[in-house]
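Engineer: Below is the file query_16.pdb, which contains PDB, C-alpha atoms, pLDDT in the B column.
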```pdb
ATOM      1  CA  MET A   1     199.999   0.740 209.851  1.00 51.00           C
ATOM      2  CA  ASP A   2     197.198  -0.875 207.857  1.00 64.00           C
ATOM      3  CA  VAL A   3     199.476  -1.389 204.849  1.00 61.00           C
ATOM      4  CA  ASN A   4     201.941  -3.257 207.099  1.00 77.00           C
ATOM      5  CA  LEU A   5     199.146  -5.324 208.573  1.00 77.00           C
ATOM      6  CA  GLU A   6     197.921  -6.256 205.095  1.00 78.00           C
ATOM      7  CA  SER A   7     201.370  -7.487 204.088  1.00 79.00           C
ATOM      8  CA  GLU A   8     201.622  -9.450 207.351  1.00 79.00           C
ATOM      9  CA  PHE A   9     198.260 -11.061 206.602  1.00 76.00           C
ATOM     10  CA  LYS A  10     199.454 -11.912 203.097  1.00 78.00           C
ATOM     11  CA  GLN A  11     202.548 -13.622 204.522  1.00 78.00           C
ATOM     12  CA  LEU A  12     200.505 -15.585 207.045  1.00 77.00           C
ATOM     13  CA  LEU A  13     197.947 -16.711 204.489  1.00 78.00           C
ATOM     14  CA  ASN A  14     200.679 -17.941 202.146  1.00 80.00           C
ATOM     15  CA  CYS A  15     202.443 -19.811 204.934  1.00 80.00           C
ATOM     16  CA  ASP A  16     203.166 -23.507 204.270  1.00 80.00           C
ATOM     17  CA  ASN A  17     202.145 -24.413 207.798  1.00 82.00           C
ATOM     18  CA  LYS A  18     198.374 -25.013 207.589  1.00 81.00           C
ATOM     19  CA  ASP A  19     197.758 -24.097 211.250  1.00 80.00           C
ATOM     20  CA  VAL A  20     199.548 -20.755 210.851  1.00 83.00           C
ATOM     21  CA  ALA A  21     197.677 -20.004 207.619  1.00 87.00           C
ATOM     22  CA  ASP A  22     194.364 -20.822 209.353  1.00 86.00           C
ATOM     23  CA  LEU A  23     195.217 -18.503 212.212  1.00 86.00           C
ATOM     24  CA  GLY A  24     195.966 -15.728 209.707  1.00 89.00           C
ATOM     25  CA  GLN A  25     192.663 -16.354 207.974  1.00 90.00           C
ATOM     26  CA  ARG A  26     190.784 -16.083 211.283  1.00 91.00           C
ATOM     27  CA  ALA A  27     192.618 -12.904 212.250  1.00 92.00           C
ATOM     28  CA  LYS A  28     191.680 -11.361 208.914  1.00 92.00           C
ATOM     29  CA  GLU A  29     188.029 -12.364 209.277  1.00 93.00           C
ATOM     30  CA  ILE A  30     187.875 -10.842 212.782  1.00 95.00           C
ATOM     31  CA  LYS A  31     189.397  -7.578 211.564  1.00 94.00           C
ATOM     32  CA  THR A  32     187.034  -7.358 208.574  1.00 94.00           C
ATOM     33  CA  MET A  33     183.956  -8.070 210.679  1.00 95.00           C
ATOM     34  CA  TYR A  34     184.968  -5.477 213.242  1.00 96.00           C
ATOM     35  CA  GLU A  35     185.542  -2.869 210.562  1.00 96.00           C
ATOM     36  CA  ASN A  36     182.149  -3.670 209.067  1.00 96.00           C
ATOM     37  CA  LYS A  37     180.635  -3.264 212.560  1.00 96.00           C
ATOM     38  CA  GLU A  38     179.345  -6.832 212.499  1.00 96.00           C
ATOM     39  CA  ILE A  39     180.834  -7.447 215.946  1.00 97.00           C
ATOM     40  CA  SER A  40     180.956  -5.176 218.999  1.00 95.00           C
ATOM     41  CA  ASP A  41     184.079  -3.786 220.711  1.00 96.00           C
ATOM     42  CA  THR A  42     183.971  -6.369 223.509  1.00 95.00           C
ATOM     43  CA  GLU A  43     183.324  -9.209 221.080  1.00 96.00           C
ATOM     44  CA  PHE A  44     186.295  -8.039 218.997  1.00 97.00           C
ATOM     45  CA  LYS A  45     188.525  -7.984 222.107  1.00 97.00           C
ATOM     46  CA  GLU A  46     187.481 -11.468 223.130  1.00 97.00           C
ATOM     47  CA  LEU A  47     188.033 -12.901 219.654  1.00 97.00           C
ATOM     48  CA  VAL A  48     191.527 -11.365 219.502  1.00 96.00           C
ATOM     49  CA  GLU A  49     192.319 -12.910 222.907  1.00 97.00           C
ATOM     50  CA  ASP A  50     191.147 -16.243 221.504  1.00 97.00           C
ATOM     51  CA  LEU A  51     193.856 -16.010 218.842  1.00 96.00           C
ATOM     52  CA  THR A  52     196.455 -15.996 221.645  1.00 95.00           C
ATOM     53  CA  LEU A  53     194.747 -18.985 223.287  1.00 97.00           C
ATOM     54  CA  SER A  54     194.853 -20.781 219.931  1.00 95.00           C
ATOM     55  CA  GLU A  55     198.562 -20.087 219.630  1.00 93.00           C
ATOM     56  CA  HIS A  56     199.146 -21.680 223.052  1.00 96.00           C
ATOM     57  CA  ILE A  57     197.069 -24.687 222.025  1.00 96.00           C
ATOM     58  CA  ALA A  58     199.103 -25.113 218.829  1.00 94.00           C
ATOM     59  CA  ASP A  59     202.390 -24.906 220.808  1.00 94.00           C
ATOM     60  CA  ALA A  60     201.213 -27.475 223.360  1.00 96.00           C
ATOM     61  CA  ALA A  61     200.045 -29.730 220.508  1.00 96.00           C
ATOM     62  CA  ASP A  62     203.568 -29.625 219.060  1.00 94.00           C
ATOM     63  CA  ASP A  63     204.992 -30.579 222.475  1.00 94.00           C
ATOM     64  CA  MET A  64     202.579 -33.486 222.723  1.00 95.00           C
ATOM     65  CA  ALA A  65     203.512 -34.702 219.227  1.00 94.00           C
ATOM     66  CA  ILE A  66     207.206 -34.726 220.218  1.00 93.00           C
ATOM     67  CA  LYS A  67     206.426 -36.627 223.412  1.00 91.00           C
ATOM     68  CA  SER A  68     204.353 -39.179 221.499  1.00 93.00           C
ATOM     69  CA  ALA A  69     207.179 -39.677 219.020  1.00 93.00           C
ATOM     70  CA  SER A  70     209.669 -40.365 221.828  1.00 91.00           C
ATOM     71  CA  VAL A  71     207.332 -42.906 223.432  1.00 90.00           C
ATOM     72  CA  LYS A  72     206.945 -44.662 220.070  1.00 91.00           C
ATOM     73  CA  VAL A  73     210.750 -44.886 219.753  1.00 92.00           C
ATOM     74  CA  LEU A  74     211.000 -46.252 223.301  1.00 90.00           C
ATOM     75  CA  ASP A  75     208.337 -48.853 222.495  1.00 89.00           C
ATOM     76  CA  ILE A  76     210.194 -50.044 219.410  1.00 91.00           C
ATOM     77  CA  LEU A  77     213.503 -50.251 221.293  1.00 92.00           C
ATOM     78  CA  SER A  78     211.775 -52.055 224.144  1.00 89.00           C
ATOM     79  CA  LYS A  79     210.398 -54.672 221.730  1.00 88.00           C
ATOM     80  CA  MET A  80     213.843 -55.097 220.164  1.00 91.00           C
ATOM     81  CA  ALA A  81     215.443 -55.470 223.574  1.00 91.00           C
ATOM     82  CA  SER A  82     212.903 -57.986 224.824  1.00 90.00           C
ATOM     83  CA  ALA A  83     213.442 -60.109 221.728  1.00 89.00           C
ATOM     84  CA  ILE A  84     217.119 -60.681 222.621  1.00 87.00           C
TER
ATOM     85  CA  MET B   1     225.282 -56.108 217.233  1.00 50.00           C
ATOM     86  CA  ASN B   2     224.445 -57.859 220.506  1.00 59.00           C
ATOM     87  CA  LYS B   3     226.372 -55.139 222.303  1.00 58.00           C
ATOM     88  CA  LEU B   4     224.068 -52.581 220.714  1.00 53.00           C
ATOM     89  CA  TYR B   5     220.931 -54.394 221.918  1.00 54.00           C
ATOM     90  CA  GLN B   6     222.461 -54.714 225.374  1.00 59.00           C
ATOM     91  CA  SER B   7     223.045 -50.964 225.412  1.00 54.00           C
ATOM     92  CA  PHE B   8     219.397 -50.379 224.422  1.00 52.00           C
ATOM     93  CA  SER B   9     218.235 -52.701 227.212  1.00 54.00           C
ATOM     94  CA  ILE B  10     220.385 -50.914 229.785  1.00 53.00           C
ATOM     95  CA  LEU B  11     219.135 -47.552 228.558  1.00 51.00           C
ATOM     96  CA  LEU B  12     215.518 -48.690 228.809  1.00 51.00           C
ATOM     97  CA  LEU B  13     216.018 -50.167 232.253  1.00 50.00           C
ATOM     98  CA  ALA B  14     217.707 -46.990 233.428  1.00 51.00           C
ATOM     99  CA  THR B  15     214.824 -44.910 232.064  1.00 52.00           C
ATOM    100  CA  MET B  16     212.257 -47.082 233.831  1.00 51.00           C
ATOM    101  CA  LEU B  17     214.093 -47.013 237.136  1.00 47.00           C
ATOM    102  CA  SER B  18     214.796 -43.292 237.026  1.00 51.00           C
ATOM    103  CA  GLY B  19     211.109 -42.480 237.101  1.00 51.00           C
ATOM    104  CA  CYS B  20     211.115 -41.048 233.604  1.00 52.00           C
ATOM    105  CA  MET B  21     208.513 -43.625 232.612  1.00 55.00           C
ATOM    106  CA  THR B  22     206.098 -41.996 235.039  1.00 54.00           C
ATOM    107  CA  SER B  23     206.443 -38.770 233.122  1.00 56.00           C
ATOM    108  CA  LEU B  24     205.512 -40.630 229.938  1.00 62.00           C
ATOM    109  CA  ILE B  25     202.233 -42.059 231.289  1.00 63.00           C
ATOM    110  CA  GLY B  26     200.321 -39.039 230.029  1.00 71.00           C
ATOM    111  CA  ALA B  27     201.860 -39.567 226.628  1.00 82.00           C
ATOM    112  CA  ARG B  28     199.789 -42.727 226.086  1.00 90.00           C
ATOM    113  CA  PHE B  29     196.488 -42.827 224.242  1.00 94.00           C
ATOM    114  CA  ASP B  30     193.556 -42.210 226.558  1.00 95.00           C
ATOM    115  CA  ASN B  31     190.015 -43.149 225.495  1.00 95.00           C
ATOM    116  CA  ASN B  32     188.389 -40.652 227.842  1.00 97.00           C
ATOM    117  CA  GLU B  33     190.397 -37.696 226.560  1.00 97.00           C
ATOM    118  CA  TYR B  34     189.602 -38.697 222.994  1.00 98.00           C
ATOM    119  CA  PHE B  35     185.906 -39.104 223.746  1.00 98.00           C
ATOM    120  CA  LEU B  36     185.629 -35.701 225.438  1.00 98.00           C
ATOM    121  CA  ILE B  37     187.515 -33.734 222.790  1.00 98.00           C
ATOM    122  CA  ASN B  38     185.483 -35.449 220.060  1.00 98.00           C
ATOM    123  CA  SER B  39     182.300 -34.518 221.883  1.00 98.00           C
ATOM    124  CA  ILE B  40     183.345 -30.843 222.121  1.00 98.00           C
ATOM    125  CA  ARG B  41     184.306 -30.723 218.450  1.00 98.00           C
ATOM    126  CA  THR B  42     181.049 -32.379 217.363  1.00 98.00           C
ATOM    127  CA  THR B  43     178.915 -30.013 219.448  1.00 98.00           C
ATOM    128  CA  ALA B  44     180.779 -27.033 217.964  1.00 98.00           C
ATOM    129  CA  GLU B  45     180.304 -28.350 214.430  1.00 98.00           C
ATOM    130  CA  ILE B  46     176.574 -28.625 215.040  1.00 98.00           C
ATOM    131  CA  GLY B  47     176.380 -25.309 216.915  1.00 97.00           C
ATOM    132  CA  VAL B  48     177.980 -23.187 214.208  1.00 97.00           C
ATOM    133  CA  ASP B  49     174.935 -23.711 211.974  1.00 97.00           C
ATOM    134  CA  TYR B  50     172.561 -22.579 214.729  1.00 97.00           C
ATOM    135  CA  CYS B  51     174.130 -19.177 215.466  1.00 97.00           C
ATOM    136  CA  GLY B  52     171.408 -16.555 215.635  1.00 93.00           C
ATOM    137  CA  THR B  53     168.757 -19.060 216.750  1.00 94.00           C
ATOM    138  CA  ASN B  54     167.530 -20.162 220.173  1.00 92.00           C
ATOM    139  CA  ALA B  55     168.872 -23.696 219.674  1.00 94.00           C
ATOM    140  CA  VAL B  56     172.427 -22.459 220.135  1.00 95.00           C
ATOM    141  CA  LYS B  57     171.628 -21.473 223.717  1.00 93.00           C
ATOM    142  CA  GLN B  58     171.128 -25.123 224.616  1.00 93.00           C
ATOM    143  CA  LEU B  59     174.245 -26.378 222.879  1.00 96.00           C
ATOM    144  CA  ILE B  60     176.688 -23.918 224.467  1.00 97.00           C
ATOM    145  CA  PRO B  61     176.267 -24.902 228.163  1.00 96.00           C
ATOM    146  CA  ASN B  62     176.549 -28.552 227.143  1.00 96.00           C
ATOM    147  CA  MET B  63     179.842 -27.862 225.343  1.00 98.00           C
ATOM    148  CA  TRP B  64     181.073 -25.836 228.328  1.00 98.00           C
ATOM    149  CA  VAL B  65     180.431 -28.749 230.709  1.00 98.00           C
ATOM    150  CA  LYS B  66     182.346 -31.115 228.398  1.00 98.00           C
ATOM    151  CA  SER B  67     185.325 -28.764 228.261  1.00 98.00           C
ATOM    152  CA  LEU B  68     185.309 -28.484 232.059  1.00 98.00           C
ATOM    153  CA  GLU B  69     185.205 -32.281 232.268  1.00 98.00           C
ATOM    154  CA  LEU B  70     188.183 -32.522 229.909  1.00 98.00           C
ATOM    155  CA  LYS B  71     190.133 -29.909 231.889  1.00 98.00           C
ATOM    156  CA  ASN B  72     189.449 -31.651 235.208  1.00 98.00           C
ATOM    157  CA  TYR B  73     190.094 -35.124 233.824  1.00 97.00           C
ATOM    158  CA  ALA B  74     193.474 -34.173 232.342  1.00 96.00           C
ATOM    159  CA  SER B  75     194.654 -32.169 235.323  1.00 96.00           C
ATOM    160  CA  ASP B  76     195.896 -34.976 237.602  1.00 94.00           C
ATOM    161  CA  ILE B  77     197.399 -37.391 235.116  1.00 93.00           C
ATOM    162  CA  PRO B  78     201.203 -37.443 235.600  1.00 91.00           C
ATOM    163  CA  GLY B  79     203.300 -36.205 232.689  1.00 88.00           C
ATOM    164  CA  ASN B  80     200.254 -34.778 230.953  1.00 92.00           C
ATOM    165  CA  GLY B  81     201.535 -31.186 230.682  1.00 94.00           C
ATOM    166  CA  PRO B  82     200.619 -30.418 227.054  1.00 96.00           C
ATOM    167  CA  MET B  83     197.115 -31.872 227.464  1.00 97.00           C
ATOM    168  CA  ILE B  84     196.558 -29.890 230.662  1.00 97.00           C
ATOM    169  CA  GLU B  85     197.645 -26.719 228.868  1.00 97.00           C
ATOM    170  CA  MET B  86     195.435 -27.356 225.827  1.00 98.00           C
ATOM    171  CA  SER B  87     192.370 -28.263 227.886  1.00 98.00           C
ATOM    172  CA  ILE B  88     192.715 -25.119 230.033  1.00 98.00           C
ATOM    173  CA  LYS B  89     193.007 -22.840 226.997  1.00 98.00           C
ATOM    174  CA  LEU B  90     190.100 -24.489 225.189  1.00 98.00           C
ATOM    175  CA  HIS B  91     187.947 -24.241 228.304  1.00 98.00           C
ATOM    176  CA  ASP B  92     188.836 -20.527 228.639  1.00 98.00           C
ATOM    177  CA  MET B  93     187.739 -19.994 225.052  1.00 98.00           C
ATOM    178  CA  ILE B  94     184.425 -21.793 225.554  1.00 98.00           C
ATOM    179  CA  THR B  95     183.849 -20.011 228.880  1.00 97.00           C
ATOM    180  CA  GLY B  96     183.893 -16.667 227.029  1.00 96.00           C
ATOM    181  CA  LEU B  97     181.095 -17.863 224.777  1.00 96.00           C
ATOM    182  CA  ASN B  98     179.112 -19.456 227.604  1.00 96.00           C
ATOM    183  CA  THR B  99     179.377 -16.379 229.836  1.00 94.00           C
ATOM    184  CA  ARG B 100     178.227 -14.063 227.076  1.00 93.00           C
ATOM    185  CA  TYR B 101     175.115 -16.123 226.351  1.00 91.00           C
ATOM    186  CA  LYS B 102     174.441 -16.676 230.046  1.00 86.00           C
ATOM    187  CA  THR B 103     174.734 -13.074 231.172  1.00 76.00           C
ATOM    188  CA  VAL B 104     173.141 -11.042 228.403  1.00 64.00           C
ATOM    189  CA  GLY B 105     169.493 -10.155 228.594  1.00 60.00           C
ATOM    190  CA  ASP B 106     167.110 -11.209 225.878  1.00 57.00           C
ATOM    191  CA  SER B 107     167.334  -7.786 224.260  1.00 61.00           C
ATOM    192  CA  VAL B 108     171.141  -7.794 223.899  1.00 75.00           C
ATOM    193  CA  GLU B 109     172.053 -11.002 222.151  1.00 86.00           C
ATOM    194  CA  PRO B 110     175.634 -11.638 221.082  1.00 94.00           C
ATOM    195  CA  SER B 111     175.983 -10.966 217.361  1.00 96.00           C
ATOM    196  CA  THR B 112     175.636 -13.835 214.915  1.00 96.00           C
ATOM    197  CA  SER B 113     179.062 -13.008 213.464  1.00 96.00           C
ATOM    198  CA  TYR B 114     180.638 -13.283 216.912  1.00 97.00           C
ATOM    199  CA  CYS B 115     178.909 -16.615 217.475  1.00 97.00           C
ATOM    200  CA  THR B 116     180.090 -17.960 214.109  1.00 96.00           C
ATOM    201  CA  LEU B 117     183.698 -16.824 214.589  1.00 96.00           C
ATOM    202  CA  LYS B 118     183.766 -18.221 218.096  1.00 97.00           C
ATOM    203  CA  PHE B 119     182.480 -21.622 217.006  1.00 97.00           C
ATOM    204  CA  LYS B 120     184.951 -21.678 214.107  1.00 95.00           C
ATOM    205  CA  SER B 121     187.800 -21.078 216.579  1.00 95.00           C
ATOM    206  CA  ILE B 122     186.573 -23.866 218.844  1.00 97.00           C
ATOM    207  CA  ILE B 123     186.211 -26.259 215.909  1.00 96.00           C
ATOM    208  CA  ARG B 124     189.696 -25.471 214.656  1.00 95.00           C
ATOM    209  CA  ASP B 125     191.387 -25.844 218.034  1.00 96.00           C
ATOM    210  CA  SER B 126     189.490 -28.970 219.056  1.00 97.00           C
ATOM    211  CA  LYS B 127     190.496 -30.553 215.726  1.00 96.00           C
ATOM    212  CA  ILE B 128     194.160 -29.823 216.526  1.00 95.00           C
ATOM    213  CA  ILE B 129     193.767 -31.352 220.002  1.00 97.00           C
ATOM    214  CA  GLN B 130     191.892 -34.371 218.665  1.00 98.00           C
ATOM    215  CA  ARG B 131     194.625 -34.973 216.080  1.00 97.00           C
ATOM    216  CA  VAL B 132     197.430 -35.123 218.654  1.00 96.00           C
ATOM    217  CA  VAL B 133     195.378 -37.053 221.225  1.00 97.00           C
ATOM    218  CA  GLY B 134     194.465 -39.614 218.539  1.00 96.00           C
ATOM    219  CA  ASP B 135     198.102 -39.951 217.538  1.00 94.00           C
ATOM    220  CA  LYS B 136     199.292 -40.829 221.054  1.00 94.00           C
ATOM    221  CA  PRO B 137     200.882 -44.294 221.128  1.00 92.00           C
ATOM    222  CA  ARG B 138     198.656 -47.091 222.408  1.00 87.00           C
ATOM    223  CA  TRP B 139     199.689 -49.214 225.409  1.00 74.00           C
ATOM    224  CA  MET B 140     201.658 -52.258 224.197  1.00 67.00           C
TER
END
```
For this file, write the structure as structure tokens.
Structural biologist:
Amino acid sequence: MDVNLESEFKQLLNCDNKDVADLGQRAKEIKTMYENKEISDTEFKELVEDLTLSEHIADAADDMAIKSASVKVLDILSKMASAI
Amino acid sequence: MNKLYQSFSILLLATMLSGCMTSLIGARFDNNEYFLINSIRTTAEIGVDYCGTNAVKQLIPNMWVKSLELKNYASDIPGNGPMIEMSIKLHDMITGLNTRYKTVGDSVEPSTSYCTLKFKSIIRDSKIIQRVVGDKPRWM
């Protein structure tokens, strides 16, 4: 189980997507601190739940970026059209 | 070529009349959203260095109020789905930190490692939100 987790961490940390790599780094830090008893059980649980919240934030950020891009295209077309 | 421009004009007009433009209102740059997310990020960047000290206890409620303001502000703007989602999740994250510091007695402080990790998460996520909010197109 731990061996698998280590290889998953390795994959995440080497990911080209900076946000994904950051998330992997955080997950690894949380696991290490919990194993070293630097954080309590409830703190560990909460921090793991935060990783899920972060994933949702990253997904919504992608959606917003797509929406912004479509508005920019509409603006450009609108300018072109009004210049006719 | 004129035909092409005419097609664009018709497409734009159709989009405006269909009500799709309303759904794009939230896609425009909003000073207030940017101000609030910047404020949360800045407070978190300051707070991370104060974990384990009493000063952090004053910064956390302040950050929590700002995240609640952002969540409430974003909630009723039409077509603002992604921002609503992000502000809710960020507020949930900050609420966890605020509750822990608010409810524990003086003898059972949250650990410094927890505090540091929590602030790092908030910094990271508020940076992501600030990036996309800052990149929203400005009103023409």
Engineer: Within 6 Å of chain B, which residues of chain A show up when using all atoms listed in the file, listed as a PDB file with C-alpha atoms, in the coordinates of the input?
Structural biologist:
```
ATOM      1  CA  ILE A  39     180.834  -7.447 215.946  1.00 97.00           C
ATOM      2  CA  LEU A  53     194.747 -18.985 223.287  1.00 97.00           C
ATOM      3  CA  ILE A  57     197.069 -24.687 222.025  1.00 96.00           C
ATOM      4  CA  ALA A  60     201.213 -27.475 223.360  1.00 96.00           C
ATOM      5  CA  MET A  64     202.579 -33.486 222.723  1.00 95.00           C
ATOM      6  CA  SER A  68     204.353 -39.179 221.499  1.00 93.00           C
ATOM      7  CA  ALA A  81     215.443 -55.470 223.574  1.00 91.00           C
TER       8      ALA A  81
END
```
Engineer: Any chance you could work out the residue set of the PyMOL selection byres ((chain B and resi 51) around 9) here, as a list of chain:residue names?
Structural biologist: B:Gly47, B:Val48, B:Asp49, B:Tyr50, B:Gly52, B:Thr53, B:Asn54, B:Ala55, B:Val56, B:Lys57, B:Ser111, B:Thr112, B:Ser113, B:Tyr114, B:Cys115, B:Thr116, B:Phe119
Engineer: Rounded to one decimal in Å, what is the spacing between CA of Ile66 in chain A and CA of Thr52 in chain A?
Structural biologist: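 Computed distance, CA of Ile66 in chain A to CA of Thr52 in chain A, equals 21.6 Å.
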Engineer: Let me make sure I understand: among B:Ser67, B:Asn31, B:Thr95, B:Thr43, which one has the smallest atom-to-atom distance to Glu46 in chain A if we use all atoms listed in the file?
Structural biologist: B:Thr95
Engineer: Name the closest residue to Glu109 in chain B among the candidates A:Leu12, A:Met33, A:Glu43, A:Asn17; distances are taken between atoms, counting all atoms listed in the file.
Structural biologist: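 Comparing A:Leu12, A:Met33, A:Glu43, A:Asn17 against Glu109 in chain B, the winner is A:Glu43.
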Engineer: Report the distance between CA of Tyr101 in chain B and CA of Lys127 in chain B in Å, rounded to one decimal place.
Structural biologist: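 Between CA of Tyr101 in chain B and CA of Lys127 in chain B the gap works out to 23.6 Å.
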Engineer: Please compute the CA of Leu59 in chain B-CA of Val48 in chain A distance, one decimal, in Å.
Structural biologist: 23.1 Å
Engineer: Using all atoms listed in the file for the distances, tell me which of A:Thr32, A:Ala27, A:Lys79, A:Lys72 is nearest to Glu49 in chain A.
Structural biologist: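 Nearest candidate to Glu49 in chain A out of A:Thr32, A:Ala27, A:Lys79, A:Lys72: A:Ala27.
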